[in-house]
>>> print(open('my_file.txt').read())   # compact mmCIF, C-alpha atoms (C1' of nucleotides)
# COMPACT_ATOMS: atom_id res chain seq x y z
CA MET N 281 70.18 126.97 120.61
CA PRO N 282 73.70 125.74 121.00
CA GLU N 283 76.22 128.33 119.86
CA LEU N 284 80.02 128.18 119.82
CA PRO N 285 80.52 127.74 123.60
CA GLU N 286 77.98 124.92 123.92
CA VAL N 287 79.32 123.18 120.81
CA GLU N 288 82.87 123.48 122.16
CA VAL N 289 81.83 121.89 125.46
CA VAL N 290 80.27 119.00 123.56
CA ARG N 291 83.46 118.70 121.47
CA ARG N 292 85.57 118.34 124.59
CA GLY N 293 83.26 115.63 125.85
CA LEU N 294 83.47 113.80 122.54
CA GLU N 295 87.25 114.01 122.64
CA THR N 296 87.30 112.14 125.93
CA MET N 297 84.74 109.50 124.91
CA VAL N 298 84.99 108.69 121.20
CA LEU N 299 88.56 109.56 120.21
CA GLY N 300 90.35 106.37 119.20
CA ARG N 301 87.17 104.29 119.35
CA ARG N 302 85.93 102.18 116.46
CA ILE N 303 82.35 102.39 115.25
CA ASP N 304 80.52 99.08 115.24
CA THR N 305 76.95 99.75 114.11
CA VAL N 306 74.91 102.82 113.14
CA THR N 307 71.14 103.19 113.02
CA ALA N 308 69.54 106.30 111.51
CA ASP N 309 65.79 106.10 112.03
CA GLY N 310 65.14 109.82 111.65
CA PRO N 311 65.39 110.59 107.93
CA ARG N 312 65.33 114.35 108.51
CA SER N 313 68.42 114.16 110.71
CA VAL N 314 70.41 112.60 107.86
CA ARG N 315 68.65 114.49 105.06
CA ARG N 316 71.83 114.91 103.03
CA HIS N 317 71.87 111.13 102.67
CA PRO N 318 68.79 110.02 100.74
CA ASP N 319 69.97 106.46 101.41
CA ARG N 320 70.26 105.98 105.16
CA THR N 321 72.14 102.68 104.81
CA GLU N 322 74.78 104.51 102.80
CA PHE N 323 75.18 106.93 105.74
CA ALA N 324 75.59 104.03 108.16
CA GLY N 325 77.92 102.18 105.80
CA ARG N 326 80.35 105.08 105.62
CA LEU N 327 80.68 105.04 109.41
CA GLU N 328 80.66 101.38 110.36
CA GLY N 329 84.14 99.95 110.93
CA ARG N 330 85.78 103.39 111.08
CA THR N 331 87.90 104.66 113.95
CA VAL N 332 87.59 108.27 115.14
CA THR N 333 91.03 109.87 114.89
CA GLY N 334 90.10 113.46 115.78
CA VAL N 335 87.26 115.67 117.05
CA ARG N 336 87.18 119.24 115.79
CA ARG N 337 84.81 122.19 115.89
CA ARG N 338 84.19 124.72 113.15
CA GLY N 339 81.74 127.45 114.11
CA LYS N 340 78.69 125.58 115.39
CA TYR N 341 79.66 122.39 113.53
CA LEU N 342 81.31 119.34 115.09
CA LEU N 343 83.64 117.23 112.98
CA GLY N 344 84.58 113.65 113.74
CA ILE N 345 87.66 112.79 111.69
CA LEU N 346 87.62 109.16 110.50
CA ASP N 347 90.55 106.89 109.71
CA ASP N 348 89.60 106.51 106.04
CA GLY N 349 89.58 110.22 105.18
CA GLY N 350 85.88 110.58 105.91
CA VAL N 351 84.42 113.18 108.27
CA LEU N 352 81.26 112.87 110.32
CA VAL N 353 79.78 116.36 110.54
CA ALA N 354 77.17 117.26 113.15
CA HIS N 355 75.11 120.42 113.56
CA LEU N 356 72.86 120.62 116.61
CA GLY N 357 70.49 123.21 115.14
CA MET N 358 68.19 124.53 117.85
CA SER N 359 67.36 121.51 119.93
CA GLY N 360 69.91 118.85 118.99
CA GLN N 361 71.82 116.94 121.62
CA LEU N 362 74.65 114.46 121.35
CA ARG N 363 74.51 112.15 124.34
CA TRP N 364 76.92 109.47 125.51
CA THR N 365 75.78 106.26 127.18
CA ASP N 366 78.10 103.53 128.43
CA THR N 367 75.48 100.81 128.13
CA ALA N 368 73.54 100.21 124.94
CA GLY N 369 70.61 98.89 126.96
CA GLU N 370 69.71 102.27 128.40
CA SER N 371 66.25 103.40 127.31
CA MET N 372 66.04 105.68 124.26
CA ALA N 373 64.99 109.27 124.88
CA LYS N 374 62.09 110.50 122.75
CA HIS N 375 63.29 112.00 119.44
CA THR N 376 66.44 109.87 119.30
CA HIS N 377 67.16 109.85 115.56
CA VAL N 378 70.66 108.42 115.16
CA VAL N 379 72.52 105.88 117.33
CA ILE N 380 76.22 105.12 116.86
CA THR N 381 77.43 102.07 118.78
CA PHE N 382 81.18 101.62 119.33
CA THR N 383 82.96 98.28 119.45
CA THR N 384 83.68 98.88 123.14
CA GLY N 385 79.94 99.00 123.80
CA GLY N 386 79.40 102.72 124.40
CA GLN N 387 76.84 104.64 122.38
CA LEU N 388 76.63 108.12 120.92
CA ARG N 389 73.02 109.18 120.45
CA PHE N 390 71.64 112.12 118.48
CA VAL N 391 68.44 113.45 120.03
CA ASP N 392 66.66 116.36 118.35
CA PRO N 393 62.96 117.27 118.90
CA ARG N 394 62.79 120.15 116.42
CA THR N 395 64.90 118.37 113.81
CA PHE N 396 66.75 121.48 112.67
CA GLY N 397 69.99 119.67 113.43
CA GLU N 398 71.65 117.14 111.16
CA LEU N 399 74.44 114.63 110.75
CA PHE N 400 76.24 113.84 107.51
CA VAL N 401 79.38 112.14 106.30
CA THR N 402 81.71 113.88 103.89
CA THR N 403 85.36 113.73 102.87
CA SER N 404 88.19 115.70 104.38
CA ASP N 405 90.79 117.57 102.46
CA PRO N 406 94.31 116.13 102.84
CA ASP N 407 95.51 119.64 103.78
CA GLY N 408 93.14 119.68 106.75
CA ASP N 409 90.93 122.33 105.15
CA ASP N 410 87.21 122.46 105.80
CA PRO N 411 85.02 120.01 103.91
CA PRO N 412 83.23 121.71 100.98
CA GLU N 413 79.92 121.76 102.88
CA LEU N 414 81.50 124.14 105.41
CA ALA N 415 83.35 126.32 102.90
CA HIS N 416 80.90 129.18 103.46
CA LEU N 417 81.93 129.69 107.09
CA GLY N 418 83.75 132.85 108.13
CA VAL N 419 86.65 133.20 110.56
CA GLU N 420 86.81 131.51 113.96
CA PRO N 421 86.29 134.07 116.76
CA LEU N 422 88.74 132.38 119.14
CA GLU N 423 91.47 131.56 116.62
CA ALA N 424 94.73 133.40 117.20
CA THR N 425 94.67 134.45 113.55
CA THR N 426 91.46 136.43 114.19
CA THR N 427 93.31 139.33 115.75
CA GLY N 428 91.80 142.62 116.79
CA ALA N 429 93.41 144.29 113.79
CA ARG N 430 92.03 141.68 111.41
CA PHE N 431 88.57 142.00 112.97
CA ASP N 432 88.73 145.79 112.67
CA ALA N 433 89.57 145.48 108.97
CA MET N 434 86.73 143.00 108.44
CA LEU N 435 84.24 145.38 110.08
CA THR N 436 85.44 148.38 108.11
CA GLU N 437 85.06 146.75 104.75
CA ARG N 438 81.40 145.93 105.46
CA ARG N 439 78.45 148.22 105.99
CA ALA N 440 76.00 146.05 107.88
CA LYS N 441 74.30 146.34 111.25
CA LEU N 442 76.47 144.79 113.92
CA LYS N 443 74.05 142.32 115.45
CA PRO N 444 73.05 140.61 112.20
CA LEU N 445 76.68 140.74 111.09
CA LEU N 446 77.94 139.00 114.25
CA MET N 447 75.31 136.32 113.66
CA ASP N 448 76.24 135.93 109.98
CA GLN N 449 78.11 132.60 109.86
CA ARG N 450 79.77 133.63 106.59
CA PHE N 451 81.31 136.62 108.35
CA ILE N 452 82.31 135.00 111.65
CA ALA N 453 81.37 131.49 112.65
CA GLY N 454 79.71 130.34 115.86
CA ILE N 455 77.81 133.34 117.26
CA GLY N 456 74.02 133.26 117.56
CA ASN N 457 71.30 135.31 119.19
CA ILE N 458 72.36 134.94 122.82
CA TYR N 459 76.05 135.65 122.47
CA SER N 460 75.65 138.49 119.98
CA ASP N 461 73.62 140.37 122.62
CA GLU N 462 76.11 139.58 125.37
CA ILE N 463 79.10 140.54 123.21
CA LEU N 464 77.56 143.87 122.19
CA TRP N 465 76.67 144.68 125.81
CA GLY N 466 80.23 143.84 126.90
CA ALA N 467 81.56 146.26 124.32
CA GLY N 468 79.00 148.95 125.22
CA ILE N 469 77.92 149.18 121.59
CA ARG N 470 74.43 149.09 120.09
CA GLY N 471 73.63 146.24 117.72
CA ASP N 472 71.98 148.55 115.21
CA ARG N 473 75.19 150.50 114.63
CA THR N 474 76.75 149.84 111.24
CA SER N 475 80.04 147.99 111.11
CA ASP N 476 81.84 150.80 109.31
CA SER N 477 80.78 153.37 111.90
CA LEU N 478 83.03 152.03 114.68
CA SER N 479 86.08 153.92 115.84
CA ALA N 480 89.32 151.94 116.15
CA ASP N 481 88.81 151.84 119.91
CA GLU N 482 85.23 150.57 119.58
CA ALA N 483 86.36 147.83 117.20
CA ARG N 484 88.99 146.82 119.75
CA GLN N 485 86.35 146.74 122.49
CA LEU N 486 84.07 144.61 120.35
CA HIS N 487 86.86 142.14 119.64
CA ARG N 488 87.87 141.99 123.29
CA SER N 489 84.27 141.46 124.40
CA MET N 490 83.77 138.73 121.79
CA VAL N 491 86.82 136.76 122.91
CA GLU N 492 86.13 137.22 126.64
CA THR N 493 82.43 136.41 126.42
CA LEU N 494 82.92 133.25 124.39
CA GLN N 495 85.85 132.04 126.52
CA ASP N 496 83.99 132.70 129.79
CA ALA N 497 80.94 130.87 128.45
CA VAL N 498 83.05 127.81 127.56
CA CYS N 499 84.60 127.89 131.06
CA HIS N 500 81.13 127.79 132.61
CA GLY N 501 79.93 124.94 130.43
CA GLY N 502 77.84 127.07 128.06
CA SER N 503 74.32 128.45 128.57
CA SER N 504 71.28 126.34 129.45
CA LEU N 505 67.95 128.15 129.20
CA ALA N 506 64.60 127.09 130.58
CA ASP N 507 62.85 126.71 127.25
CA GLU N 508 65.59 124.93 125.41
CA GLN N 509 67.37 122.51 127.76
CA TYR N 510 70.90 122.45 126.34
CA VAL N 511 72.98 119.78 128.05
CA ASP N 512 76.43 118.43 127.31
CA LEU N 513 77.43 114.93 126.21
CA PHE N 514 76.81 113.61 129.71
CA GLY N 515 73.51 115.40 130.33
CA ARG N 516 75.00 118.21 132.41
CA SER N 517 73.53 121.72 132.14
CA GLY N 518 75.73 124.73 131.55
CA GLY N 519 76.10 127.54 134.07
CA TYR N 520 76.82 130.62 131.99
CA GLN N 521 73.17 131.74 131.95
CA ARG N 522 73.80 132.95 135.51
CA PHE N 523 76.28 135.42 134.06
CA HIS N 524 74.10 136.72 131.23
CA LYS N 525 74.07 140.49 131.52
CA VAL N 526 71.16 141.27 129.18
CA TYR N 527 69.91 138.14 127.41
CA GLY N 528 66.55 137.12 128.86
CA ARG N 529 66.73 139.94 131.41
CA ALA N 530 64.19 142.45 130.10
CA GLY N 531 63.02 144.75 132.88
CA GLU N 532 66.00 144.01 135.13
CA ALA N 533 68.71 146.52 136.00
CA CYS N 534 71.76 146.73 133.78
CA PRO N 535 74.72 145.44 135.85
CA ARG N 536 76.86 148.32 134.58
CA CYS N 537 74.66 151.42 134.80
CA ALA N 538 71.54 150.18 136.64
CA ASN N 539 69.21 151.40 133.91
CA VAL N 540 66.61 149.04 132.54
CA VAL N 541 67.40 146.21 130.14
CA VAL N 542 65.03 146.32 127.19
CA ARG N 543 63.81 143.67 124.79
CA GLU N 544 63.09 144.52 121.17
CA ARG N 545 61.93 142.37 118.31
CA TRP N 546 64.26 142.62 115.37
CA SER N 547 63.49 140.75 112.19
CA ASN N 548 61.47 138.22 114.17
CA ARG N 549 63.91 137.58 116.97
CA SER N 550 64.40 138.92 120.46
CA THR N 551 67.20 141.37 121.11
CA PHE N 552 68.21 142.41 124.61
CA SER N 553 70.28 145.46 125.39
CA CYS N 554 70.82 148.24 127.88
CA SER N 555 68.83 151.30 126.91
CA THR N 556 71.50 153.62 128.26
CA CYS N 557 75.09 152.38 128.33
CA GLN N 558 75.20 150.84 124.85
CA THR N 559 75.87 153.66 122.43
C1' DA I 173 75.31 144.40 99.48
C1' DC I 174 71.96 144.39 102.71
C1' DG I 175 67.79 143.36 105.30
C1' DC I 176 63.86 141.09 105.78
C1' DC I 177 60.67 137.17 105.20
C1' DC I 178 59.52 132.34 104.83
C1' DG I 179 59.55 127.35 105.74
C1' DC I 180 61.26 123.81 108.25
C1' DC I 181 59.93 121.65 113.35
C1' DT I 182 58.09 120.53 118.44
C1' DG I 183 57.46 121.66 123.26
C1' DT I 184 55.93 124.97 126.44
C1' DA I 185 53.16 128.49 128.12
C1' DA I 186 49.97 132.13 127.93
C1' DG I 187 45.33 133.66 126.55
C1' DC I 188 40.31 133.07 125.78
C1' DT T 234 39.30 122.47 131.44
C1' DG T 235 40.60 122.52 126.58
C1' DC T 236 41.50 124.65 122.62
C1' DT T 237 44.24 128.10 119.93
C1' DT T 238 48.07 131.07 119.46
C1' DA T 239 52.63 132.83 120.23
C1' DC T 240 57.26 131.97 120.98
C1' DA T 241 61.83 129.92 121.00
C1' DG T 242 65.31 130.57 116.50
C1' DG T 243 69.57 128.30 113.05
C1' DC T 244 69.87 128.15 108.40
C1' DG T 245 69.19 128.37 103.40
C1' DG T 246 66.71 130.42 99.84
C1' DG T 247 64.28 134.12 97.82
C1' DC T 248 63.11 138.78 96.93
C1' DG T 249 62.94 143.85 97.09
>>> encode(input="my_file.txt", output="structure tokens")
Amino acid sequence: MPELPEVEVVRRGLETMVLGRRIDTVTADGPRSVRRHPDRTEFAGRLEGRTVTGVRRRGKYLLGILDDGGVLVAHLGMSGQLRWTDTAGESMAKHTHVVITFTTGGQLRFVDPRTFGELFVTTSDPDGDDPPELAHLGVEPLEATTTGARFDAMLTERRAKLKPLLMDQRFIAGIGNIYSDEILWGAGIRGDRTSDSLSADEARQLHRSMVETLQDAVCHGGSSLADEQYVDLFGRSGGYQRFHKVYGRAGEACPRCANVVVRERWSNRSTFSCSTCQT
DNA sequence: ACGCCCGCCTGTAAGC
DNA sequence: TGCTTACAGGCGGGCG
């Protein structure tokens, strides 16, 4: 389940490989991957001949800015991968749904077994604002404008449990199940606390932990777990799972207080936390 | 406003 | 061994 750090690592790879390149041909054999385009040839037609002039990330979405004002938007969902190949002749991985071939011969391939991910083409705003399809997204956790004070104010004006709130893309964009647990552990705060119950110091700790956790994860290439096989554009696994403090570590000792890490099921998803030093 | 459930999917692994 | 079941969970929609 790629979250902000994994998506950012893929973005950096895309920036090195597709920026400035012109799209030659596009095939979209997986209709579910381009479900916003009932006509798959229309999807291909809006890409063919275009040059990629920018690669951005918004939350867990990737945006390829095109030279005609169009934007190719990608969401990896749970199992989506964007993979680069230099030679078009390389064999296709199972579940390859979209293939974008550049005029220089390289290929960008979208592989997605569970098909929760998608690609679509939309139009960018001249002001550089988000396309309308992404208008629901909340603030960017790592943007300088998302200051500790701003975050504190955002928390105070809501009354929701912290874990679901951190994962709410309309509140803050890019955090999923893994990083919400890691962020809360880093702040020493329980995920079932309500957002308006935090002291000013706790809100500061939560903001600090959010920024540090996400930045560290990007530095280590994101998290690759056994069951999900996240890899970057070039097939490389991330290394941040080695630094997970609680996620996937039920029964192990908390690195901070040595008490046991527990796993709970919360609205049908696993939550990991320290039973003692998160309060 | 919030919290929970469902449906959408497939691969993996545990249980009988 | 081979089948069934649970689990992984992002996201949008619905409902209490």
>>> closest_atom_pairs(input="my_file.txt", of="segment 396-439 of chain N", to="segment 341-353 of chain N", cutoff="12 Å", atoms="only C-alpha atoms", output="tab-separated table")
residue	atom	partner	partner_atom	distance
N:Gly397	CA	N:Tyr341	CA	10.0
N:Glu398	CA	N:Val353	CA	8.2
N:Leu399	CA	N:Val353	CA	5.6
N:Phe400	CA	N:Val353	CA	5.3
N:Val401	CA	N:Leu352	CA	4.5
N:Thr402	CA	N:Val351	CA	5.2
N:Thr403	CA	N:Gly350	CA	4.4
N:Ser404	CA	N:Gly349	CA	5.7
N:Asp405	CA	N:Gly349	CA	7.9
N:Pro406	CA	N:Gly349	CA	7.9
N:Asp407	CA	N:Gly349	CA	11.2
N:Gly408	CA	N:Ile345	CA	10.1
N:Asp409	CA	N:Val351	CA	11.7
N:Asp410	CA	N:Leu343	CA	9.6
N:Pro411	CA	N:Val351	CA	8.1
N:Pro412	CA	N:Val351	CA	11.3
N:Glu413	CA	N:Val353	CA	9.4
N:Leu414	CA	N:Tyr341	CA	8.5
N:Ala415	CA	N:Tyr341	CA	11.9
N:Leu417	CA	N:Tyr341	CA	10.0
N:Glu420	CA	N:Tyr341	CA	11.6
>>> write_last_selection(input="my_file.txt", atoms="C-alpha atoms", output="short mmCIF file (atom, residue, chain, number, x, y, z; two decimals), in the coordinates of the input")
data_model
loop_
_atom_site.label_atom_id
_atom_site.label_comp_id
_atom_site.auth_asym_id
_atom_site.auth_seq_id
_atom_site.Cartn_x
_atom_site.Cartn_y
_atom_site.Cartn_z
CA GLY N 397 69.99 119.67 113.43
CA GLU N 398 71.65 117.14 111.16
CA LEU N 399 74.44 114.63 110.75
CA PHE N 400 76.24 113.84 107.51
CA VAL N 401 79.38 112.14 106.30
CA THR N 402 81.71 113.88 103.89
CA THR N 403 85.36 113.73 102.87
CA SER N 404 88.19 115.70 104.38
CA ASP N 405 90.79 117.57 102.46
CA PRO N 406 94.31 116.13 102.84
CA ASP N 407 95.51 119.64 103.78
CA GLY N 408 93.14 119.68 106.75
CA ASP N 409 90.93 122.33 105.15
CA ASP N 410 87.21 122.46 105.80
CA PRO N 411 85.02 120.01 103.91
CA PRO N 412 83.23 121.71 100.98
CA GLU N 413 79.92 121.76 102.88
CA LEU N 414 81.50 124.14 105.41
CA ALA N 415 83.35 126.32 102.90
CA LEU N 417 81.93 129.69 107.09
CA GLU N 420 86.81 131.51 113.96
#
>>> interface_residues(input="my_file.txt", of="chain N", to="chain T", cutoff="9 Å", atoms="only C-alpha atoms (C1' of nucleotides)", output="list in words")
Met281, Gly357, Met358, Phe396, Gly397, Gly456, Asn457, Asp507, Glu508, Asn548 and Arg549 of chain N
>>> interface_residues(input="my_file.txt", of="chain N", to="chain I", cutoff="12 Å", atoms="all atoms listed in the file", output="number ranges by chain")
N: 312-313, 357-360, 374-375, 392-397, 437-441, 443-445, 448, 472, 474, 506-509, 546-549
>>> atom_distance(input="my_file.txt", atom1="atom CA of Leu486 of chain N", atom2="atom CA of Val526 of chain N")
16.0 Å
>>> closest_residue(input="my_file.txt", among="N:Met297, N:Leu478, N:Leu422, N:Val314", to="Val498 of chain N", atoms="only C-alpha atoms")
N:Leu422
>>> axis_aligned_box(input="my_file.txt", around="chain T", padding_each_side="4 Å", output="AutoDock Vina command-line options")
--center_x 54.6 --center_y 133.2 --center_z 114.2 --size_x 38.6 --size_y 29.4 --size_z 42.5
>>> atom_distance(input="my_file.txt", atom1="atom CA of Met490 of chain N", atom2="atom CA of Phe514 of chain N")
27.2 Å
>>> atom_distance(input="my_file.txt", atom1="atom CA of Gly418 of chain N", atom2="atom CA of Arg488 of chain N")
18.2 Å
>>> decode(input="my_file.txt", residues="segment 416-441 of chain N", atoms="N, CA, C and O atoms", output="mmCIF file, in the first residue's frame")
data_model
loop_
_atom_site.group_PDB
_atom_site.id
_atom_site.type_symbol
_atom_site.label_atom_id
_atom_site.label_comp_id
_atom_site.auth_asym_id
_atom_site.auth_seq_id
_atom_site.Cartn_x
_atom_site.Cartn_y
_atom_site.Cartn_z
ATOM 1 N N HIS N 416 -10.542 17.420 -3.459
ATOM 2 C CA HIS N 416 -10.959 17.007 -2.116
ATOM 3 C C HIS N 416 -9.783 16.846 -1.164
ATOM 4 O O HIS N 416 -9.971 16.713 0.043
ATOM 5 N N LEU N 417 -8.559 16.837 -1.683
ATOM 6 C CA LEU N 417 -7.400 16.511 -0.842
ATOM 7 C C LEU N 417 -7.082 17.622 0.156
ATOM 8 O O LEU N 417 -7.135 18.806 -0.173
ATOM 9 N N GLY N 418 -6.694 17.209 1.350
ATOM 10 C CA GLY N 418 -6.299 18.138 2.400
ATOM 11 C C GLY N 418 -4.873 18.614 2.217
ATOM 12 O O GLY N 418 -4.275 18.453 1.146
ATOM 13 N N VAL N 419 -4.301 19.188 3.261
ATOM 14 C CA VAL N 419 -2.970 19.800 3.175
ATOM 15 C C VAL N 419 -1.889 18.740 2.979
ATOM 16 O O VAL N 419 -2.070 17.561 3.293
ATOM 17 N N GLU N 420 -0.749 19.179 2.474
ATOM 18 C CA GLU N 420 0.422 18.326 2.292
ATOM 19 C C GLU N 420 1.225 18.309 3.595
ATOM 20 O O GLU N 420 1.648 19.362 4.071
ATOM 21 N N PRO N 421 1.489 17.117 4.143
ATOM 22 C CA PRO N 421 2.192 17.038 5.430
ATOM 23 C C PRO N 421 3.585 17.665 5.399
ATOM 24 O O PRO N 421 4.038 18.199 6.411
ATOM 25 N N LEU N 422 4.273 17.582 4.280
ATOM 26 C CA LEU N 422 5.662 18.051 4.229
ATOM 27 C C LEU N 422 5.807 19.440 3.611
ATOM 28 O O LEU N 422 6.918 19.926 3.451
ATOM 29 N N GLU N 423 4.689 20.080 3.272
ATOM 30 C CA GLU N 423 4.767 21.446 2.754
ATOM 31 C C GLU N 423 5.132 22.411 3.880
ATOM 32 O O GLU N 423 4.666 22.259 5.007
ATOM 33 N N ALA N 424 5.936 23.401 3.546
ATOM 34 C CA ALA N 424 6.338 24.389 4.554
ATOM 35 C C ALA N 424 5.135 25.136 5.116
ATOM 36 O O ALA N 424 5.147 25.579 6.268
ATOM 37 N N THR N 425 4.076 25.248 4.302
ATOM 38 C CA THR N 425 2.883 25.976 4.762
ATOM 39 C C THR N 425 2.103 25.188 5.818
ATOM 40 O O THR N 425 1.288 25.762 6.539
ATOM 41 N N THR N 426 2.346 23.874 5.908
ATOM 42 C CA THR N 426 1.704 23.071 6.953
ATOM 43 C C THR N 426 2.574 23.142 8.208
ATOM 44 O O THR N 426 3.270 22.207 8.562
ATOM 45 N N THR N 427 2.510 24.260 8.861
ATOM 46 C CA THR N 427 3.328 24.482 10.058
ATOM 47 C C THR N 427 2.715 23.781 11.266
ATOM 48 O O THR N 427 1.558 23.357 11.235
ATOM 49 N N GLY N 428 3.497 23.690 12.320
ATOM 50 C CA GLY N 428 2.990 23.114 13.549
ATOM 51 C C GLY N 428 1.780 23.879 14.073
ATOM 52 O O GLY N 428 0.807 23.274 14.541
ATOM 53 N N ALA N 429 1.832 25.192 13.955
ATOM 54 C CA ALA N 429 0.717 26.016 14.443
ATOM 55 C C ALA N 429 -0.550 25.766 13.616
ATOM 56 O O ALA N 429 -1.649 25.647 14.161
ATOM 57 N N ARG N 430 -0.365 25.668 12.305
ATOM 58 C CA ARG N 430 -1.491 25.412 11.420
ATOM 59 C C ARG N 430 -2.103 24.046 11.730
ATOM 60 O O ARG N 430 -3.319 23.888 11.796
ATOM 61 N N PHE N 431 -1.225 23.049 11.931
ATOM 62 C CA PHE N 431 -1.663 21.690 12.217
ATOM 63 C C PHE N 431 -2.430 21.653 13.536
ATOM 64 O O PHE N 431 -3.482 21.017 13.643
ATOM 65 N N ASP N 432 -1.914 22.351 14.529
ATOM 66 C CA ASP N 432 -2.565 22.448 15.831
ATOM 67 C C ASP N 432 -3.982 23.009 15.670
ATOM 68 O O ASP N 432 -4.959 22.452 16.200
ATOM 69 N N ALA N 433 -4.097 24.079 14.881
ATOM 70 C CA ALA N 433 -5.413 24.691 14.660
ATOM 71 C C ALA N 433 -6.352 23.721 13.941
ATOM 72 O O ALA N 433 -7.539 23.624 14.281
ATOM 73 N N MET N 434 -5.824 22.994 12.978
ATOM 74 C CA MET N 434 -6.642 22.020 12.242
ATOM 75 C C MET N 434 -7.171 20.932 13.167
ATOM 76 O O MET N 434 -8.316 20.499 13.059
ATOM 77 N N LEU N 435 -6.301 20.469 14.083
ATOM 78 C CA LEU N 435 -6.707 19.413 15.021
ATOM 79 C C LEU N 435 -7.774 19.920 15.977
ATOM 80 O O LEU N 435 -8.738 19.217 16.284
ATOM 81 N N THR N 436 -7.591 21.150 16.443
ATOM 82 C CA THR N 436 -8.490 21.700 17.455
ATOM 83 C C THR N 436 -9.898 21.906 16.920
ATOM 84 O O THR N 436 -10.875 21.740 17.643
ATOM 85 N N GLU N 437 -9.978 22.254 15.640
ATOM 86 C CA GLU N 437 -11.319 22.520 15.120
ATOM 87 C C GLU N 437 -12.060 21.250 14.684
ATOM 88 O O GLU N 437 -13.162 21.318 14.172
ATOM 89 N N ARG N 438 -11.429 20.091 14.886
ATOM 90 C CA ARG N 438 -12.108 18.825 14.620
ATOM 91 C C ARG N 438 -12.271 18.065 15.924
ATOM 92 O O ARG N 438 -11.587 18.343 16.913
ATOM 93 N N ARG N 439 -13.188 17.105 15.922
ATOM 94 C CA ARG N 439 -13.334 16.242 17.084
ATOM 95 C C ARG N 439 -13.448 14.805 16.587
ATOM 96 O O ARG N 439 -14.486 14.169 16.701
ATOM 97 N N ALA N 440 -12.330 14.329 16.040
ATOM 98 C CA ALA N 440 -12.317 12.973 15.495
ATOM 99 C C ALA N 440 -11.158 12.212 16.109
ATOM 100 O O ALA N 440 -10.183 12.811 16.569
ATOM 101 N N LYS N 441 -11.229 10.885 16.088
ATOM 102 C CA LYS N 441 -10.120 10.088 16.596
ATOM 103 C C LYS N 441 -8.908 10.274 15.688
ATOM 104 O O LYS N 441 -9.027 10.359 14.465
#
